[in-house]
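Structure below is data_29.cif: mmCIF, N, CA and C atoms.
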```cif
data_model
loop_
_atom_site.group_PDB
_atom_site.id
_atom_site.type_symbol
_atom_site.label_atom_id
_atom_site.label_comp_id
_atom_site.auth_asym_id
_atom_site.auth_seq_id
_atom_site.Cartn_x
_atom_site.Cartn_y
_atom_site.Cartn_z
ATOM 1 N N MET A 1159 0.848 -1.158 0.000
ATOM 2 C CA MET A 1159 0.000 0.000 0.000
ATOM 3 C C MET A 1159 0.903 1.233 0.000
ATOM 4 N N LYS A 1160 0.708 2.089 -0.998
ATOM 5 C CA LYS A 1160 1.517 3.300 -1.093
ATOM 6 C C LYS A 1160 0.627 4.510 -0.826
ATOM 7 N N LEU A 1161 1.074 5.346 0.095
ATOM 8 C CA LEU A 1161 0.342 6.553 0.443
ATOM 9 C C LEU A 1161 1.130 7.776 -0.005
ATOM 10 N N THR A 1162 0.459 8.654 -0.728
ATOM 11 C CA THR A 1162 1.002 9.979 -1.025
ATOM 12 C C THR A 1162 0.066 10.971 -0.345
ATOM 13 N N PHE A 1163 0.527 12.197 -0.194
ATOM 14 C CA PHE A 1163 -0.206 13.134 0.647
ATOM 15 C C PHE A 1163 -0.461 14.475 -0.041
ATOM 16 N N SER A 1164 -1.614 15.036 0.292
ATOM 17 C CA SER A 1164 -1.991 16.387 -0.113
ATOM 18 C C SER A 1164 -2.210 17.188 1.173
ATOM 19 N N PRO A 1165 -1.217 17.990 1.569
ATOM 20 C CA PRO A 1165 -1.344 18.746 2.813
ATOM 21 C C PRO A 1165 -2.427 19.828 2.711
ATOM 22 N N ILE A 1166 -3.134 20.029 3.809
ATOM 23 C CA ILE A 1166 -4.156 21.063 3.890
ATOM 24 C C ILE A 1166 -4.188 21.598 5.321
ATOM 25 N N ARG A 1167 -4.303 22.909 5.435
ATOM 26 C CA ARG A 1167 -4.359 23.524 6.758
ATOM 27 C C ARG A 1167 -5.701 23.190 7.401
ATOM 28 N N SER A 1168 -5.635 22.428 8.498
ATOM 29 C CA SER A 1168 -6.837 22.020 9.214
ATOM 30 C C SER A 1168 -6.451 21.500 10.590
ATOM 31 N N ASP A 1169 -7.344 21.684 11.529
ATOM 32 C CA ASP A 1169 -7.118 21.145 12.873
ATOM 33 C C ASP A 1169 -7.833 19.810 13.074
ATOM 34 N N LYS A 1170 -8.381 19.244 11.989
ATOM 35 C CA LYS A 1170 -9.044 17.947 12.086
ATOM 36 C C LYS A 1170 -8.021 16.877 12.452
ATOM 37 N N PRO A 1171 -8.415 15.927 13.285
ATOM 38 C CA PRO A 1171 -7.500 14.826 13.603
ATOM 39 C C PRO A 1171 -7.418 13.833 12.437
ATOM 40 N N LEU A 1172 -6.301 13.159 12.342
ATOM 41 C CA LEU A 1172 -6.155 12.074 11.377
ATOM 42 C C LEU A 1172 -5.306 10.992 12.017
ATOM 43 N N ASP A 1173 -5.929 9.859 12.242
ATOM 44 C CA ASP A 1173 -5.256 8.705 12.819
ATOM 45 C C ASP A 1173 -5.517 7.535 11.884
ATOM 46 N N MET A 1174 -4.460 6.814 11.512
ATOM 47 C CA MET A 1174 -4.612 5.739 10.534
ATOM 48 C C MET A 1174 -3.894 4.480 10.989
ATOM 49 N N ALA A 1175 -4.495 3.352 10.607
ATOM 50 C CA ALA A 1175 -3.866 2.048 10.810
ATOM 51 C C ALA A 1175 -4.232 1.182 9.602
ATOM 52 N N ARG A 1176 -3.360 0.249 9.301
ATOM 53 C CA ARG A 1176 -3.620 -0.692 8.209
ATOM 54 C C ARG A 1176 -3.980 -2.044 8.803
ATOM 55 N N LYS A 1177 -4.953 -2.697 8.174
ATOM 56 C CA LYS A 1177 -5.284 -4.083 8.516
ATOM 57 C C LYS A 1177 -5.638 -4.780 7.221
ATOM 58 N N ALA A 1178 -4.696 -5.579 6.711
ATOM 59 C CA ALA A 1178 -4.837 -6.303 5.432
ATOM 60 C C ALA A 1178 -5.098 -5.308 4.310
ATOM 61 N N THR A 1179 -6.259 -5.363 3.670
ATOM 62 C CA THR A 1179 -6.568 -4.469 2.551
ATOM 63 C C THR A 1179 -7.356 -3.245 3.004
ATOM 64 N N ALA A 1180 -7.472 -3.048 4.293
ATOM 65 C CA ALA A 1180 -8.263 -1.938 4.825
ATOM 66 C C ALA A 1180 -7.393 -0.905 5.523
ATOM 67 N N LEU A 1181 -7.892 0.322 5.521
ATOM 68 C CA LEU A 1181 -7.337 1.375 6.357
ATOM 69 C C LEU A 1181 -8.385 1.720 7.396
ATOM 70 N N ILE A 1182 -7.931 1.855 8.618
ATOM 71 C CA ILE A 1182 -8.799 2.310 9.694
ATOM 72 C C ILE A 1182 -8.446 3.773 9.904
ATOM 73 N N VAL A 1183 -9.386 4.642 9.595
ATOM 74 C CA VAL A 1183 -9.148 6.088 9.638
ATOM 75 C C VAL A 1183 -10.073 6.692 10.684
ATOM 76 N N ASN A 1184 -9.458 7.275 11.706
ATOM 77 C CA ASN A 1184 -10.217 7.872 12.810
ATOM 78 C C ASN A 1184 -11.284 6.907 13.327
ATOM 79 N N GLY A 1185 -10.911 5.621 13.422
ATOM 80 C CA GLY A 1185 -11.781 4.608 13.986
ATOM 81 C C GLY A 1185 -12.731 3.937 13.013
ATOM 82 N N GLU A 1186 -12.828 4.426 11.765
ATOM 83 C CA GLU A 1186 -13.718 3.832 10.765
ATOM 84 C C GLU A 1186 -12.922 2.936 9.818
ATOM 85 N N ILE A 1187 -13.451 1.754 9.539
ATOM 86 C CA ILE A 1187 -12.778 0.800 8.648
ATOM 87 C C ILE A 1187 -13.210 1.057 7.209
ATOM 88 N N HIS A 1188 -12.211 1.166 6.325
ATOM 89 C CA HIS A 1188 -12.444 1.361 4.895
ATOM 90 C C HIS A 1188 -11.651 0.293 4.149
ATOM 91 N N ASP A 1189 -12.371 -0.683 3.590
ATOM 92 C CA ASP A 1189 -11.713 -1.804 2.924
ATOM 93 C C ASP A 1189 -11.563 -1.510 1.426
ATOM 94 N N PHE A 1190 -10.349 -1.710 0.921
ATOM 95 C CA PHE A 1190 -10.046 -1.482 -0.489
ATOM 96 C C PHE A 1190 -9.756 -2.783 -1.224
ATOM 97 N N GLY A 1191 -10.099 -3.905 -0.620
ATOM 98 C CA GLY A 1191 -9.840 -5.210 -1.212
ATOM 99 C C GLY A 1191 -10.626 -5.475 -2.485
ATOM 100 N N ASP A 1192 -11.655 -4.676 -2.743
ATOM 101 C CA ASP A 1192 -12.483 -4.886 -3.931
ATOM 102 C C ASP A 1192 -11.914 -4.256 -5.194
ATOM 103 N N ILE A 1193 -10.788 -3.554 -5.082
ATOM 104 C CA ILE A 1193 -10.193 -2.907 -6.254
ATOM 105 C C ILE A 1193 -9.224 -3.887 -6.915
ATOM 106 N N PRO A 1194 -9.539 -4.357 -8.122
ATOM 107 C CA PRO A 1194 -8.643 -5.294 -8.805
ATOM 108 C C PRO A 1194 -7.441 -4.573 -9.423
ATOM 109 N N PRO A 1195 -6.394 -5.319 -9.770
ATOM 110 C CA PRO A 1195 -5.226 -4.703 -10.418
ATOM 111 C C PRO A 1195 -5.625 -3.925 -11.677
ATOM 112 N N LEU A 1196 -4.923 -2.834 -11.898
ATOM 113 C CA LEU A 1196 -5.094 -1.945 -13.045
ATOM 114 C C LEU A 1196 -6.466 -1.267 -13.071
ATOM 115 N N CYS A 1197 -7.053 -1.094 -11.908
ATOM 116 C CA CYS A 1197 -8.353 -0.424 -11.828
ATOM 117 C C CYS A 1197 -8.294 0.770 -10.884
ATOM 118 N N THR A 1198 -9.140 1.725 -11.199
ATOM 119 C CA THR A 1198 -9.330 2.922 -10.391
ATOM 120 C C THR A 1198 -10.793 2.972 -9.989
ATOM 121 N N VAL A 1199 -11.047 3.398 -8.780
ATOM 122 C CA VAL A 1199 -12.413 3.554 -8.306
ATOM 123 C C VAL A 1199 -12.666 5.045 -8.102
ATOM 124 N N PRO A 1200 -13.762 5.564 -8.652
ATOM 125 C CA PRO A 1200 -14.043 6.989 -8.473
ATOM 126 C C PRO A 1200 -14.116 7.370 -6.989
ATOM 127 N N LEU A 1201 -13.501 8.463 -6.679
ATOM 128 C CA LEU A 1201 -13.448 8.971 -5.315
ATOM 129 C C LEU A 1201 -14.848 9.068 -4.708
ATOM 130 N N GLU A 1202 -15.809 9.492 -5.494
ATOM 131 C CA GLU A 1202 -17.172 9.673 -5.007
ATOM 132 C C GLU A 1202 -17.778 8.357 -4.509
ATOM 133 N N ASP A 1203 -17.333 7.226 -5.070
ATOM 134 C CA ASP A 1203 -17.864 5.927 -4.665
ATOM 135 C C ASP A 1203 -17.411 5.511 -3.275
ATOM 136 N N ARG A 1204 -16.382 6.141 -2.756
ATOM 137 C CA ARG A 1204 -15.842 5.783 -1.447
ATOM 138 C C ARG A 1204 -16.488 6.575 -0.313
ATOM 139 N N GLY A 1205 -16.984 7.756 -0.602
ATOM 140 C CA GLY A 1205 -17.703 8.535 0.409
ATOM 141 C C GLY A 1205 -16.888 8.914 1.630
ATOM 142 N N VAL A 1206 -15.633 9.252 1.418
ATOM 143 C CA VAL A 1206 -14.774 9.675 2.534
ATOM 144 C C VAL A 1206 -14.157 11.028 2.206
ATOM 145 N N ASP A 1207 -13.873 11.806 3.241
ATOM 146 C CA ASP A 1207 -13.306 13.135 3.011
ATOM 147 C C ASP A 1207 -11.791 13.188 3.175
ATOM 148 N N TRP A 1208 -11.164 12.064 3.472
ATOM 149 C CA TRP A 1208 -9.718 12.055 3.666
ATOM 150 C C TRP A 1208 -8.952 11.560 2.437
ATOM 151 N N LEU A 1209 -9.672 11.179 1.377
ATOM 152 C CA LEU A 1209 -9.011 10.824 0.115
ATOM 153 C C LEU A 1209 -8.964 12.056 -0.781
ATOM 154 N N ALA A 1210 -7.809 12.295 -1.400
ATOM 155 C CA ALA A 1210 -7.638 13.462 -2.266
ATOM 156 C C ALA A 1210 -7.697 13.094 -3.747
ATOM 157 N N ALA A 1211 -7.703 11.815 -4.069
ATOM 158 C CA ALA A 1211 -7.741 11.359 -5.467
ATOM 159 C C ALA A 1211 -8.327 9.954 -5.514
ATOM 160 N N ASP A 1212 -8.697 9.538 -6.724
ATOM 161 C CA ASP A 1212 -9.255 8.202 -6.907
ATOM 162 C C ASP A 1212 -8.244 7.139 -6.485
ATOM 163 N N PRO A 1213 -8.653 6.185 -5.638
ATOM 164 C CA PRO A 1213 -7.755 5.082 -5.295
ATOM 165 C C PRO A 1213 -7.598 4.137 -6.486
ATOM 166 N N TYR A 1214 -6.398 3.584 -6.628
ATOM 167 C CA TYR A 1214 -6.179 2.612 -7.702
ATOM 168 C C TYR A 1214 -5.183 1.551 -7.269
ATOM 169 N N ARG A 1215 -5.204 0.452 -8.007
ATOM 170 C CA ARG A 1215 -4.282 -0.655 -7.749
ATOM 171 C C ARG A 1215 -3.447 -0.857 -9.015
ATOM 172 N N ASP A 1216 -2.129 -0.910 -8.855
ATOM 173 C CA ASP A 1216 -1.247 -1.053 -10.019
ATOM 174 C C ASP A 1216 -1.200 -2.514 -10.489
ATOM 175 N N LYS A 1217 -0.430 -2.757 -11.563
ATOM 176 C CA LYS A 1217 -0.392 -4.102 -12.164
ATOM 177 C C LYS A 1217 0.205 -5.148 -11.235
ATOM 178 N N ARG A 1218 0.977 -4.709 -10.248
ATOM 179 C CA ARG A 1218 1.553 -5.654 -9.281
ATOM 180 C C ARG A 1218 0.651 -5.874 -8.074
ATOM 181 N N GLY A 1219 -0.472 -5.173 -8.055
ATOM 182 C CA GLY A 1219 -1.430 -5.343 -6.970
ATOM 183 C C GLY A 1219 -1.279 -4.368 -5.824
ATOM 184 N N LYS A 1220 -0.338 -3.429 -5.936
ATOM 185 C CA LYS A 1220 -0.145 -2.452 -4.864
ATOM 186 C C LYS A 1220 -1.222 -1.374 -4.943
ATOM 187 N N LEU A 1221 -1.855 -1.125 -3.817
ATOM 188 C CA LEU A 1221 -2.881 -0.098 -3.711
ATOM 189 C C LEU A 1221 -2.218 1.268 -3.537
ATOM 190 N N HIS A 1222 -2.708 2.268 -4.286
ATOM 191 C CA HIS A 1222 -2.188 3.635 -4.207
ATOM 192 C C HIS A 1222 -3.299 4.553 -3.729
ATOM 193 N N LEU A 1223 -3.019 5.286 -2.643
ATOM 194 C CA LEU A 1223 -3.995 6.205 -2.084
ATOM 195 C C LEU A 1223 -3.359 7.573 -1.875
ATOM 196 N N ARG A 1224 -4.069 8.627 -2.265
ATOM 197 C CA ARG A 1224 -3.632 10.003 -1.971
ATOM 198 C C ARG A 1224 -4.488 10.488 -0.811
ATOM 199 N N ILE A 1225 -3.815 10.810 0.278
ATOM 200 C CA ILE A 1225 -4.460 11.138 1.546
ATOM 201 C C ILE A 1225 -4.395 12.644 1.802
ATOM 202 N N VAL A 1226 -5.517 13.214 2.236
ATOM 203 C CA VAL A 1226 -5.529 14.603 2.696
ATOM 204 C C VAL A 1226 -4.851 14.611 4.063
ATOM 205 N N LEU A 1227 -3.751 15.350 4.163
ATOM 206 C CA LEU A 1227 -2.967 15.387 5.396
ATOM 207 C C LEU A 1227 -3.169 16.739 6.088
ATOM 208 N N PRO A 1228 -3.987 16.776 7.156
ATOM 209 C CA PRO A 1228 -4.183 18.048 7.851
ATOM 210 C C PRO A 1228 -2.921 18.454 8.612
ATOM 211 N N TYR A 1229 -2.664 19.754 8.639
ATOM 212 C CA TYR A 1229 -1.531 20.251 9.426
ATOM 213 C C TYR A 1229 -1.956 21.492 10.202
ATOM 214 N N ALA A 1230 -1.335 21.677 11.350
ATOM 215 C CA ALA A 1230 -1.631 22.797 12.237
ATOM 216 C C ALA A 1230 -0.847 24.036 11.822
ATOM 217 N N ALA A 1231 -1.157 25.146 12.438
ATOM 218 C CA ALA A 1231 -0.472 26.407 12.133
ATOM 219 C C ALA A 1231 1.036 26.304 12.386
ATOM 220 N N ASP A 1232 1.429 25.484 13.342
ATOM 221 C CA ASP A 1232 2.851 25.314 13.665
ATOM 222 C C ASP A 1232 3.398 24.000 13.086
ATOM 223 N N ALA A 1233 2.989 23.663 11.876
ATOM 224 C CA ALA A 1233 3.334 22.385 11.253
ATOM 225 C C ALA A 1233 4.832 22.191 11.070
ATOM 226 N N ALA A 1234 5.222 20.931 11.176
ATOM 227 C CA ALA A 1234 6.608 20.545 10.899
ATOM 228 C C ALA A 1234 6.821 20.549 9.385
ATOM 229 N N PRO A 1235 8.058 20.784 8.924
ATOM 230 C CA PRO A 1235 8.333 20.772 7.486
ATOM 231 C C PRO A 1235 7.905 19.478 6.792
ATOM 232 N N GLU A 1236 7.976 18.354 7.504
ATOM 233 C CA GLU A 1236 7.582 17.064 6.925
ATOM 234 C C GLU A 1236 6.092 17.012 6.607
ATOM 235 N N GLN A 1237 5.296 17.842 7.275
ATOM 236 C CA GLN A 1237 3.859 17.881 7.021
ATOM 237 C C GLN A 1237 3.533 18.798 5.840
ATOM 238 N N LEU A 1238 4.359 19.796 5.624
ATOM 239 C CA LEU A 1238 4.109 20.745 4.541
ATOM 240 C C LEU A 1238 4.566 20.206 3.191
ATOM 241 N N ASP A 1239 5.590 19.369 3.195
ATOM 242 C CA ASP A 1239 6.102 18.755 1.971
ATOM 243 C C ASP A 1239 6.352 17.263 2.245
ATOM 244 N N PRO A 1240 5.263 16.507 2.462
ATOM 245 C CA PRO A 1240 5.416 15.107 2.874
ATOM 246 C C PRO A 1240 5.876 14.194 1.740
ATOM 247 N N LYS A 1241 6.732 13.267 2.084
ATOM 248 C CA LYS A 1241 7.199 12.251 1.145
ATOM 249 C C LYS A 1241 6.222 11.075 1.150
ATOM 250 N N PRO A 1242 6.064 10.394 0.027
ATOM 251 C CA PRO A 1242 5.209 9.199 -0.003
ATOM 252 C C PRO A 1242 5.765 8.121 0.926
ATOM 253 N N ILE A 1243 4.874 7.291 1.428
ATOM 254 C CA ILE A 1243 5.300 6.167 2.256
ATOM 255 C C ILE A 1243 4.662 4.888 1.731
ATOM 256 N N THR A 1244 5.364 3.782 1.914
ATOM 257 C CA THR A 1244 4.845 2.466 1.561
ATOM 258 C C THR A 1244 4.615 1.703 2.855
ATOM 259 N N ILE A 1245 3.435 1.134 2.970
ATOM 260 C CA ILE A 1245 3.071 0.375 4.169
ATOM 261 C C ILE A 1245 2.964 -1.087 3.763
ATOM 262 N N SER A 1246 3.776 -1.923 4.383
ATOM 263 C CA SER A 1246 3.773 -3.343 4.021
ATOM 264 C C SER A 1246 3.302 -4.237 5.158
ATOM 265 N N ARG A 1247 3.039 -3.650 6.316
ATOM 266 C CA ARG A 1247 2.599 -4.448 7.465
ATOM 267 C C ARG A 1247 1.362 -3.829 8.103
ATOM 268 N N ASP A 1248 0.605 -4.667 8.769
ATOM 269 C CA ASP A 1248 -0.541 -4.178 9.516
ATOM 270 C C ASP A 1248 -0.062 -3.395 10.733
ATOM 271 N N GLY A 1249 -0.876 -2.459 11.158
ATOM 272 C CA GLY A 1249 -0.556 -1.683 12.348
ATOM 273 C C GLY A 1249 -0.771 -0.191 12.091
ATOM 274 N N ARG A 1250 -0.439 0.566 13.092
ATOM 275 C CA ARG A 1250 -0.618 2.017 13.023
ATOM 276 C C ARG A 1250 0.284 2.623 11.941
ATOM 277 N N VAL A 1251 -0.256 3.591 11.224
ATOM 278 C CA VAL A 1251 0.498 4.288 10.170
ATOM 279 C C VAL A 1251 1.111 5.542 10.785
ATOM 280 N N ARG A 1252 2.420 5.642 10.648
ATOM 281 C CA ARG A 1252 3.111 6.829 11.153
ATOM 282 C C ARG A 1252 3.065 7.905 10.054
ATOM 283 N N LEU A 1253 2.242 8.911 10.272
ATOM 284 C CA LEU A 1253 2.059 9.972 9.299
ATOM 285 C C LEU A 1253 3.211 10.967 9.350
ATOM 286 N N PRO A 1254 3.544 11.598 8.242
ATOM 287 C CA PRO A 1254 4.663 12.542 8.200
ATOM 288 C C PRO A 1254 4.520 13.654 9.248
ATOM 289 N N GLY A 1255 5.608 13.898 9.962
ATOM 290 C CA GLY A 1255 5.658 14.972 10.941
ATOM 291 C C GLY A 1255 4.955 14.686 12.253
ATOM 292 N N ARG A 1256 4.542 13.437 12.463
ATOM 293 C CA ARG A 1256 3.822 13.112 13.701
ATOM 294 C C ARG A 1256 4.514 12.011 14.459
#
```

Hey, can you dump this file as structure tokens for me?
Amino acid sequence: MKLTFSPIRSDKPLDMARKATALIVNGEIHDFGDIPPLCTVPLEDRGVDWLAADPYRDKRGKLHLRIVLPYAADAAPEQLDPKPITISRDGRVRLPGR
């Protein structure tokens, strides 16, 4: 699972964990196991406000998600220009600058 980020100034919390093909975001489970390789699912079909682009799965089966990354007024540089991360294990996702 590869996460890229779109930073946005907001005080909203964002807590994420991975469990198999799902992301648990602020306590809600969102399963992406239904996306087959080489397919994109329209963002509107997911009904979440933390995705910044259509989720897709590449030819190797890796899921790609663009996440809205809220940052505070005193944000760390890693939050303003976050690098993509790859998550290969279940557990809590360490978000840039946190």

Going by the chain IDs and residue numbers used in this file, which residues fall under the PyMOL selection byres (((chain A and resi 1224 and name CA) around 12) and name CA)? Write them as a PyMOL selection string. chain A and resi 1159-1165+1201+1207-1214+1221-1223+1225-1227+1240-1244

Pairwise distance, CA of Gly1185 (chain A) with atom C of Asp1216 (chain A), equals 27.6 Å

Which of chain A counts as strand (DSSP E or B) under DSSP, as an mmCIF file with N, CA and C atoms, in the coordinates of the input please?
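As a result, out11.cif now contains:
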```
data_model
loop_
_atom_site.group_PDB
_atom_site.id
_atom_site.type_symbol
_atom_site.label_atom_id
_atom_site.label_comp_id
_atom_site.auth_asym_id
_atom_site.auth_seq_id
_atom_site.Cartn_x
_atom_site.Cartn_y
_atom_site.Cartn_z
ATOM 1 N N LYS A 1160 0.708 2.089 -0.998
ATOM 2 C CA LYS A 1160 1.517 3.300 -1.093
ATOM 3 C C LYS A 1160 0.627 4.510 -0.826
ATOM 4 N N LEU A 1161 1.074 5.346 0.095
ATOM 5 C CA LEU A 1161 0.342 6.553 0.443
ATOM 6 C C LEU A 1161 1.130 7.776 -0.005
ATOM 7 N N THR A 1162 0.459 8.654 -0.728
ATOM 8 C CA THR A 1162 1.002 9.979 -1.025
ATOM 9 C C THR A 1162 0.066 10.971 -0.345
ATOM 10 N N PHE A 1163 0.527 12.197 -0.194
ATOM 11 C CA PHE A 1163 -0.206 13.134 0.647
ATOM 12 C C PHE A 1163 -0.461 14.475 -0.041
ATOM 13 N N SER A 1164 -1.614 15.036 0.292
ATOM 14 C CA SER A 1164 -1.991 16.387 -0.113
ATOM 15 C C SER A 1164 -2.210 17.188 1.173
ATOM 16 N N PRO A 1165 -1.217 17.990 1.569
ATOM 17 C CA PRO A 1165 -1.344 18.746 2.813
ATOM 18 C C PRO A 1165 -2.427 19.828 2.711
ATOM 19 N N ILE A 1166 -3.134 20.029 3.809
ATOM 20 C CA ILE A 1166 -4.156 21.063 3.890
ATOM 21 C C ILE A 1166 -4.188 21.598 5.321
ATOM 22 N N ARG A 1167 -4.303 22.909 5.435
ATOM 23 C CA ARG A 1167 -4.359 23.524 6.758
ATOM 24 C C ARG A 1167 -5.701 23.190 7.401
ATOM 25 N N MET A 1174 -4.460 6.814 11.512
ATOM 26 C CA MET A 1174 -4.612 5.739 10.534
ATOM 27 C C MET A 1174 -3.894 4.480 10.989
ATOM 28 N N ALA A 1175 -4.495 3.352 10.607
ATOM 29 C CA ALA A 1175 -3.866 2.048 10.810
ATOM 30 C C ALA A 1175 -4.232 1.182 9.602
ATOM 31 N N ARG A 1176 -3.360 0.249 9.301
ATOM 32 C CA ARG A 1176 -3.620 -0.692 8.209
ATOM 33 C C ARG A 1176 -3.980 -2.044 8.803
ATOM 34 N N LYS A 1177 -4.953 -2.697 8.174
ATOM 35 C CA LYS A 1177 -5.284 -4.083 8.516
ATOM 36 C C LYS A 1177 -5.638 -4.780 7.221
ATOM 37 N N ALA A 1180 -7.472 -3.048 4.293
ATOM 38 C CA ALA A 1180 -8.263 -1.938 4.825
ATOM 39 C C ALA A 1180 -7.393 -0.905 5.523
ATOM 40 N N LEU A 1181 -7.892 0.322 5.521
ATOM 41 C CA LEU A 1181 -7.337 1.375 6.357
ATOM 42 C C LEU A 1181 -8.385 1.720 7.396
ATOM 43 N N ILE A 1182 -7.931 1.855 8.618
ATOM 44 C CA ILE A 1182 -8.799 2.310 9.694
ATOM 45 C C ILE A 1182 -8.446 3.773 9.904
ATOM 46 N N VAL A 1183 -9.386 4.642 9.595
ATOM 47 C CA VAL A 1183 -9.148 6.088 9.638
ATOM 48 C C VAL A 1183 -10.073 6.692 10.684
ATOM 49 N N GLU A 1186 -12.828 4.426 11.765
ATOM 50 C CA GLU A 1186 -13.718 3.832 10.765
ATOM 51 C C GLU A 1186 -12.922 2.936 9.818
ATOM 52 N N ILE A 1187 -13.451 1.754 9.539
ATOM 53 C CA ILE A 1187 -12.778 0.800 8.648
ATOM 54 C C ILE A 1187 -13.210 1.057 7.209
ATOM 55 N N HIS A 1188 -12.211 1.166 6.325
ATOM 56 C CA HIS A 1188 -12.444 1.361 4.895
ATOM 57 C C HIS A 1188 -11.651 0.293 4.149
ATOM 58 N N ASP A 1189 -12.371 -0.683 3.590
ATOM 59 C CA ASP A 1189 -11.713 -1.804 2.924
ATOM 60 C C ASP A 1189 -11.563 -1.510 1.426
ATOM 61 N N CYS A 1197 -7.053 -1.094 -11.908
ATOM 62 C CA CYS A 1197 -8.353 -0.424 -11.828
ATOM 63 C C CYS A 1197 -8.294 0.770 -10.884
ATOM 64 N N THR A 1198 -9.140 1.725 -11.199
ATOM 65 C CA THR A 1198 -9.330 2.922 -10.391
ATOM 66 C C THR A 1198 -10.793 2.972 -9.989
ATOM 67 N N LEU A 1209 -9.672 11.179 1.377
ATOM 68 C CA LEU A 1209 -9.011 10.824 0.115
ATOM 69 C C LEU A 1209 -8.964 12.056 -0.781
ATOM 70 N N TYR A 1214 -6.398 3.584 -6.628
ATOM 71 C CA TYR A 1214 -6.179 2.612 -7.702
ATOM 72 C C TYR A 1214 -5.183 1.551 -7.269
ATOM 73 N N ARG A 1215 -5.204 0.452 -8.007
ATOM 74 C CA ARG A 1215 -4.282 -0.655 -7.749
ATOM 75 C C ARG A 1215 -3.447 -0.857 -9.015
ATOM 76 N N LEU A 1221 -1.855 -1.125 -3.817
ATOM 77 C CA LEU A 1221 -2.881 -0.098 -3.711
ATOM 78 C C LEU A 1221 -2.218 1.268 -3.537
ATOM 79 N N HIS A 1222 -2.708 2.268 -4.286
ATOM 80 C CA HIS A 1222 -2.188 3.635 -4.207
ATOM 81 C C HIS A 1222 -3.299 4.553 -3.729
ATOM 82 N N LEU A 1223 -3.019 5.286 -2.643
ATOM 83 C CA LEU A 1223 -3.995 6.205 -2.084
ATOM 84 C C LEU A 1223 -3.359 7.573 -1.875
ATOM 85 N N ARG A 1224 -4.069 8.627 -2.265
ATOM 86 C CA ARG A 1224 -3.632 10.003 -1.971
ATOM 87 C C ARG A 1224 -4.488 10.488 -0.811
ATOM 88 N N ILE A 1225 -3.815 10.810 0.278
ATOM 89 C CA ILE A 1225 -4.460 11.138 1.546
ATOM 90 C C ILE A 1225 -4.395 12.644 1.802
ATOM 91 N N VAL A 1226 -5.517 13.214 2.236
ATOM 92 C CA VAL A 1226 -5.529 14.603 2.696
ATOM 93 C C VAL A 1226 -4.851 14.611 4.063
ATOM 94 N N LEU A 1227 -3.751 15.350 4.163
ATOM 95 C CA LEU A 1227 -2.967 15.387 5.396
ATOM 96 C C LEU A 1227 -3.169 16.739 6.088
ATOM 97 N N PRO A 1228 -3.987 16.776 7.156
ATOM 98 C CA PRO A 1228 -4.183 18.048 7.851
ATOM 99 C C PRO A 1228 -2.921 18.454 8.612
ATOM 100 N N TYR A 1229 -2.664 19.754 8.639
ATOM 101 C CA TYR A 1229 -1.531 20.251 9.426
ATOM 102 C C TYR A 1229 -1.956 21.492 10.202
ATOM 103 N N ILE A 1243 4.874 7.291 1.428
ATOM 104 C CA ILE A 1243 5.300 6.167 2.256
ATOM 105 C C ILE A 1243 4.662 4.888 1.731
ATOM 106 N N THR A 1244 5.364 3.782 1.914
ATOM 107 C CA THR A 1244 4.845 2.466 1.561
ATOM 108 C C THR A 1244 4.615 1.703 2.855
ATOM 109 N N GLY A 1249 -0.876 -2.459 11.158
ATOM 110 C CA GLY A 1249 -0.556 -1.683 12.348
ATOM 111 C C GLY A 1249 -0.771 -0.191 12.091
ATOM 112 N N ARG A 1250 -0.439 0.566 13.092
ATOM 113 C CA ARG A 1250 -0.618 2.017 13.023
ATOM 114 C C ARG A 1250 0.284 2.623 11.941
#
```

Shell of 6 Å around Asn1184 (chain A), all atoms listed in the file, local chain residues under 6 positions omitted, as a PyMOL selection string: chain A and resi 1172-1174

Within 6.5 Å of Pro1194 (chain A), counting all atoms listed in the file, which residues show up once you throw out same-chain ones fewer than 3 positions away? Write them as a ChimeraX atom specification, please. /A:1191,1197,1215-1216

Take the point (1.0, 0.9, 13.9) as written in the file and pick out every residue within 8 Å of it, counting all atoms listed in the file; give the list as a short mmCIF file (atom, residue, chain, number, x, y, z; two decimals) with N, CA and C atoms, in the frame of the given file.
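Output (out-v6.cif):
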```
data_model
loop_
_atom_site.label_atom_id
_atom_site.label_comp_id
_atom_site.auth_asym_id
_atom_site.auth_seq_id
_atom_site.Cartn_x
_atom_site.Cartn_y
_atom_site.Cartn_z
N MET A 1174 -4.46 6.81 11.51
CA MET A 1174 -4.61 5.74 10.53
C MET A 1174 -3.89 4.48 10.99
N ALA A 1175 -4.50 3.35 10.61
CA ALA A 1175 -3.87 2.05 10.81
C ALA A 1175 -4.23 1.18 9.60
N ARG A 1176 -3.36 0.25 9.30
CA ARG A 1176 -3.62 -0.69 8.21
C ARG A 1176 -3.98 -2.04 8.80
N ARG A 1247 3.04 -3.65 6.32
CA ARG A 1247 2.60 -4.45 7.46
C ARG A 1247 1.36 -3.83 8.10
N ASP A 1248 0.60 -4.67 8.77
CA ASP A 1248 -0.54 -4.18 9.52
C ASP A 1248 -0.06 -3.40 10.73
N GLY A 1249 -0.88 -2.46 11.16
CA GLY A 1249 -0.56 -1.68 12.35
C GLY A 1249 -0.77 -0.19 12.09
N ARG A 1250 -0.44 0.57 13.09
CA ARG A 1250 -0.62 2.02 13.02
C ARG A 1250 0.28 2.62 11.94
N VAL A 1251 -0.26 3.59 11.22
CA VAL A 1251 0.50 4.29 10.17
C VAL A 1251 1.11 5.54 10.78
N ARG A 1252 2.42 5.64 10.65
CA ARG A 1252 3.11 6.83 11.15
C ARG A 1252 3.06 7.90 10.05
#
```

To one decimal place in Å, what is the distance between atom C of Pro1228 (chain A) and atom N of Ser1168 (chain A)? 4.8 Å

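Computed from the coordinates, the atom C of Asp1239 (chain A) to atom N of Asp1203 (chain A) distance equals 26.7 Å.
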
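Each of A:Pro1235, A:Lys1220, A:Val1199, A:Leu1253 was compared to Val1183 (chain A) using only C-alpha atoms, and A:Leu1253 turns out to be the nearest.
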
Once 3 Å is added on each side, what centre and edge lengths in Å to one decimal does the axis-aligned box around all listed atoms of region 1177-1190 of chain A have, as AutoDock Vina command-line options?
```
--center_x -9.2 --center_y 0.8 --center_z 6.4 --size_x 15.0 --size_y 20.2 --size_z 21.2
```
